[in-house]
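Chemist: So I've got this file, coords-v9.txt, and it contains compact mmCIF, C-alpha atoms and all ligand atoms:
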# COMPACT_ATOMS: atom_id res chain seq x y z
CA MET A 170 0.00 0.00 0.00
CA ALA A 171 1.36 3.38 -0.96
CA ALA A 172 2.68 5.64 1.76
CA SER A 173 0.79 8.54 0.27
CA THR A 174 -1.92 9.10 -2.29
CA ARG A 175 -0.84 11.72 -4.77
CA ILE A 176 -3.76 13.48 -6.42
CA PRO A 177 -2.94 15.15 -9.77
CA PHE A 178 -2.78 18.94 -9.41
CA ARG A 179 -5.20 19.42 -12.29
CA GLN A 180 -7.76 17.38 -10.35
CA LEU A 181 -6.99 19.25 -7.12
CA LEU A 182 -7.42 22.57 -8.95
CA GLY A 183 -10.76 21.52 -10.45
CA ARG A 184 -12.05 20.41 -7.08
CA ALA A 185 -10.85 23.66 -5.48
CA LEU A 186 -12.59 25.80 -8.09
CA ARG A 187 -15.81 23.85 -7.49
CA LEU A 188 -15.25 24.19 -3.70
CA ARG A 189 -15.28 20.41 -3.24
CA CYS A 190 -13.23 18.16 -0.98
CA PRO A 191 -9.78 17.74 -2.54
CA VAL A 192 -9.58 14.08 -1.51
CA CYS A 193 -12.93 12.66 -2.70
CA GLY A 194 -14.17 15.47 -4.98
CA ASP A 195 -17.75 15.04 -3.76
CA GLY A 196 -18.09 16.60 -0.31
CA ARG A 197 -18.70 20.32 -0.08
CA LEU A 198 -15.95 22.37 1.55
CA PHE A 199 -18.47 24.98 2.75
CA ARG A 200 -21.93 24.67 4.27
CA GLY A 201 -22.53 28.39 3.86
CA TYR A 202 -20.66 31.46 2.73
CA LEU A 203 -17.42 31.51 4.78
CA LYS A 204 -18.72 28.63 6.97
CA MET A 205 -16.38 25.75 6.30
CA ASN A 206 -16.96 22.09 7.09
CA ASP A 207 -14.13 20.97 9.38
CA VAL A 208 -14.62 17.43 8.14
CA CYS A 209 -15.70 16.33 4.65
CA PRO A 210 -19.35 15.27 4.91
CA ASP A 211 -18.75 12.54 2.31
CA CYS A 212 -15.37 10.93 3.08
CA GLY A 213 -14.63 12.28 6.56
CA TYR A 214 -11.33 13.82 5.55
CA VAL A 215 -10.22 16.53 7.99
CA HIS A 216 -9.63 19.68 5.96
CA ALA A 217 -7.62 21.67 8.50
CA ARG A 218 -4.50 19.52 8.75
CA GLU A 219 -3.05 21.34 11.76
CA GLY A 220 -3.57 24.33 14.00
CA GLY A 221 -3.31 27.66 12.16
CA TYR A 222 -3.66 25.84 8.87
CA TRP A 223 -5.72 28.53 7.15
CA LEU A 224 -3.04 31.21 7.57
CA GLY A 225 -1.69 30.09 4.20
CA ALA A 226 -5.05 30.83 2.59
CA MET A 227 -4.62 34.47 3.62
CA TYR A 228 -1.42 34.61 1.53
CA VAL A 229 -3.25 33.12 -1.45
CA ASN A 230 -6.06 35.65 -1.03
CA TYR A 231 -3.62 38.54 -0.64
CA GLY A 232 -1.65 37.50 -3.73
CA VAL A 233 -4.75 37.24 -5.91
CA VAL A 234 -6.20 40.55 -4.70
CA VAL A 235 -2.88 42.37 -5.24
CA ALA A 236 -2.50 40.84 -8.72
CA VAL A 237 -6.04 41.84 -9.73
CA SER A 238 -5.64 45.34 -8.25
CA MET A 239 -2.32 45.88 -10.01
CA ALA A 240 -3.77 44.69 -13.31
CA ALA A 241 -6.75 47.02 -12.88
CA HIS A 242 -4.38 49.91 -12.02
CA LEU A 243 -2.27 49.27 -15.13
CA VAL A 244 -5.32 49.10 -17.39
CA MET A 245 -6.81 52.27 -15.90
CA THR A 246 -3.48 54.13 -16.17
CA ASP A 247 -2.29 52.97 -19.57
CA SER A 248 -5.54 52.56 -21.46
CA PHE A 249 -7.86 55.14 -19.96
CA GLN A 250 -5.52 57.68 -18.19
CA VAL A 251 -7.75 57.61 -15.08
CA PRO A 252 -6.47 60.03 -12.36
CA VAL A 253 -4.87 58.34 -9.36
CA THR A 254 -7.43 59.75 -6.90
CA ILE A 255 -10.28 58.15 -8.83
CA GLN A 256 -8.30 54.93 -9.13
CA MET A 257 -7.85 54.87 -5.36
CA ALA A 258 -11.58 55.54 -4.85
CA VAL A 259 -12.33 52.50 -7.00
CA LEU A 260 -9.47 50.12 -6.19
CA VAL A 261 -9.38 50.36 -2.38
CA PRO A 262 -13.03 49.41 -1.77
CA GLY A 263 -12.82 47.01 -4.70
CA ALA A 264 -9.86 45.23 -3.14
CA ALA A 265 -11.66 45.02 0.22
CA ALA A 266 -14.71 43.51 -1.47
CA LEU A 267 -12.58 41.10 -3.49
CA VAL A 268 -10.89 39.82 -0.31
CA LEU A 269 -14.31 38.81 1.03
CA LEU A 270 -15.62 37.45 -2.26
CA PHE A 271 -12.53 35.37 -2.97
CA ALA A 272 -12.06 33.99 0.57
CA PRO A 273 -13.71 30.57 -0.03
CA TRP A 274 -11.63 29.94 -3.16
CA ALA A 275 -8.49 31.11 -1.37
CA ARG A 276 -9.00 28.38 1.24
CA ALA A 277 -9.79 25.79 -1.41
CA LEU A 278 -6.72 26.75 -3.46
CA TRP A 279 -4.53 26.70 -0.37
CA LEU A 280 -5.77 23.20 0.42
CA ALA A 281 -5.05 22.12 -3.17
CA LEU A 282 -1.54 23.61 -3.07
CA ASP A 283 -0.79 21.98 0.26
CA LEU A 284 -2.01 18.56 -0.90
CA MET A 285 0.05 18.89 -4.09
CA PHE A 286 3.27 19.32 -2.10
CA ASP A 287 2.27 17.14 0.87
CA PRO A 288 -0.20 14.52 -0.42
CA PRO A 289 -2.60 12.86 2.00
CA LYS A 290 -0.79 9.96 3.66
CA GLN A 291 -2.11 6.55 4.49
CA GLU A 292 -2.45 7.49 8.15
CA ASP A 293 -4.46 10.55 7.10
CA HIS A 294 -6.84 8.21 5.30
CA GLN A 295 -7.03 5.97 8.34
CA ARG A 296 -7.67 9.06 10.44
CA ALA A 297 -10.28 10.05 7.88
CA VAL A 298 -11.86 6.60 8.16
CA ASP A 299 -11.84 6.90 11.95
CA ARG A 300 -13.36 10.35 11.63
CA ALA A 301 -15.91 9.00 9.15
CA LYS A 302 -17.41 7.35 12.22
CA LEU A 303 -18.24 10.89 13.20
CA VAL A 304 -20.95 13.04 11.72
CA VAL A 305 -20.99 16.78 11.31
CA ASN A 306 -23.55 18.60 13.41
CA GLU A 307 -25.37 21.76 12.36
CA ASP A 308 -22.45 23.87 13.60
CA GLY A 309 -20.04 21.94 11.36
CA GLU A 310 -18.28 20.23 14.25
CA PRO A 311 -17.62 16.47 14.29
CA VAL A 312 -19.72 14.46 16.79
CA GLU A 313 -20.10 10.70 17.38
CA ARG A 314 -22.44 8.94 14.99
CA THR A 315 -25.36 7.49 16.93
ZN ZN B 1 -14.13 14.19 0.92
Could you render the structure from this file as structure tokens?

Modeler:
Amino acid sequence: MAASTRIPFRQLLGRALRLRCPVCGDGRLFRGYLKMNDVCPDCGYVHAREGGYWLGAMYVNYGVVVAVSMAAHLVMTDSFQVPVTIQMAVLVPGAAALVLLFAPWARALWLALDLMFDPPKQEDHQRAVDRAKLVVNEDGEPVERT
């Protein structure tokens, strides 16, 4: 039995863009906007692999928002000669809104990136199987299946 189960990055990326579990591809990562399932409701895989795990998603979110804002700035400056004050009036609230809008995908992409470099290991699957004995309550927390 393999020590780890490598999932092709293309598959991880597709599952991330659809906000699905990176391991099984079926379970939803979120049960509401910004409300994440700690455990996959389908396969029981634990999404947060360690404490502080989602800090990396903030870097993904930051990078995407900066890239989009810079691209918008360059287009406004070079193509339309928009004054900087108007650009700031548009880009600052736009960037704040984009941070919130993109947050679920930032977490999903972070999870995909992490699993690409550190694939789920056999013990993670066993842990997932053990956790599959649990169910997710309405608050998204794992509880014993009755
Ligand atoms: Zn799953």

Chemist: Residues of chain A that approach ligand ZN 1 (chain B) to 12 Å or less, counting all atoms listed in the file: could you list each one with the shortest pair of atoms and its distance in Å to one decimal, rows by chain and increasing residue number, as a tab-separated table?

Modeler:
residue	atom	partner	partner_atom	distance
A:Leu181	CA	B:ZN1	ZN	11.9
A:Arg184	CA	B:ZN1	ZN	10.3
A:Ala185	CA	B:ZN1	ZN	11.9
A:Leu188	CA	B:ZN1	ZN	11.1
A:Arg189	CA	B:ZN1	ZN	7.6
A:Cys190	CA	B:ZN1	ZN	4.5
A:Pro191	CA	B:ZN1	ZN	6.6
A:Val192	CA	B:ZN1	ZN	5.2
A:Cys193	CA	B:ZN1	ZN	4.1
A:Gly194	CA	B:ZN1	ZN	6.0
A:Asp195	CA	B:ZN1	ZN	6.0
A:Gly196	CA	B:ZN1	ZN	4.8
A:Arg197	CA	B:ZN1	ZN	7.7
A:Leu198	CA	B:ZN1	ZN	8.4
A:Phe199	CA	B:ZN1	ZN	11.8
A:Asn206	CA	B:ZN1	ZN	10.4
A:Asp207	CA	B:ZN1	ZN	10.8
A:Val208	CA	B:ZN1	ZN	7.9
A:Cys209	CA	B:ZN1	ZN	4.6
A:Pro210	CA	B:ZN1	ZN	6.7
A:Asp211	CA	B:ZN1	ZN	5.1
A:Cys212	CA	B:ZN1	ZN	4.1
A:Gly213	CA	B:ZN1	ZN	6.0
A:Tyr214	CA	B:ZN1	ZN	5.4
A:Val215	CA	B:ZN1	ZN	8.4
A:His216	CA	B:ZN1	ZN	8.7
A:Pro289	CA	B:ZN1	ZN	11.7
A:His294	CA	B:ZN1	ZN	10.4
A:Ala297	CA	B:ZN1	ZN	9.0
A:Val298	CA	B:ZN1	ZN	10.7
A:Arg300	CA	B:ZN1	ZN	11.4
A:Ala301	CA	B:ZN1	ZN	9.9

Chemist: Those same residues - C-alpha atoms - I'd like them written as a compact mmCIF listing (two decimals), keeping the file's coordinate frame.

Modeler:
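again.txt, freshly written:
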# COMPACT_ATOMS: atom_id res chain seq x y z
CA LEU A 181 -6.99 19.25 -7.12
CA ARG A 184 -12.05 20.41 -7.08
CA ALA A 185 -10.85 23.66 -5.48
CA LEU A 188 -15.25 24.19 -3.70
CA ARG A 189 -15.28 20.41 -3.24
CA CYS A 190 -13.23 18.16 -0.98
CA PRO A 191 -9.78 17.74 -2.54
CA VAL A 192 -9.58 14.08 -1.51
CA CYS A 193 -12.93 12.66 -2.70
CA GLY A 194 -14.17 15.47 -4.98
CA ASP A 195 -17.75 15.04 -3.76
CA GLY A 196 -18.09 16.60 -0.31
CA ARG A 197 -18.70 20.32 -0.08
CA LEU A 198 -15.95 22.37 1.55
CA PHE A 199 -18.47 24.98 2.75
CA ASN A 206 -16.96 22.09 7.09
CA ASP A 207 -14.13 20.97 9.38
CA VAL A 208 -14.62 17.43 8.14
CA CYS A 209 -15.70 16.33 4.65
CA PRO A 210 -19.35 15.27 4.91
CA ASP A 211 -18.75 12.54 2.31
CA CYS A 212 -15.37 10.93 3.08
CA GLY A 213 -14.63 12.28 6.56
CA TYR A 214 -11.33 13.82 5.55
CA VAL A 215 -10.22 16.53 7.99
CA HIS A 216 -9.63 19.68 5.96
CA PRO A 289 -2.60 12.86 2.00
CA HIS A 294 -6.84 8.21 5.30
CA ALA A 297 -10.28 10.05 7.88
CA VAL A 298 -11.86 6.60 8.16
CA ARG A 300 -13.36 10.35 11.63
CA ALA A 301 -15.91 9.00 9.15

Chemist: One decimal, in Å: what's the spacing between CA of Arg200 (chain A) and CA of Arg187 (chain A)?

Modeler: 13.3 Å

Chemist: For CA of Gly221 (chain A) and CA of Met239 (chain A), determine how far apart the two atoms are, in Å to one decimal place.

Modeler: 28.7 Å

Chemist: Report, in Å with one decimal, the straight-line distance from CA of Tyr202 (chain A) to CA of Met257 (chain A).

Modeler: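 Computing the Euclidean distance for CA of Tyr202 (chain A) and CA of Met257 (chain A) yields 27.9 Å.
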
Chemist: Taking all atoms listed in the file into account, name the residue in A:Gly201, A:Asp308, A:Asp283, A:Ala264 that is nearest to Val235 (chain A).

Modeler: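 So, comparing all the options, the nearest one is A:Ala264.
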
Chemist: Which residue, A:Leu260, A:Ile176, A:Met205, A:Val237, has the smallest gap to Asp287 (chain A) when you use all atoms listed in the file?

Modeler: A:Ile176

Chemist: Show me, as a count of residues only, the residues that have an atom within 10 Å of Tyr231 (chain A) when counting all atoms listed in the file, minus same-chain residues fewer than 3 positions from it.

Modeler: 14

Chemist: Name the closest residue to Trp223 (chain A) among the candidates A:Ala277, A:Gln256, A:His242, A:Ala266; distances are taken between atoms, counting all atoms listed in the file.

Modeler: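 Between A:Ala277, A:Gln256, A:His242, A:Ala266, the residue approaching Trp223 (chain A) most closely is A:Ala277.
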
Chemist: In terms of the shortest atom-to-atom distance over all atoms listed in the file, which of A:Pro273, A:Pro288, A:Gly232, A:Pro252 is closest to Lys204 (chain A)?

Modeler: A:Pro273
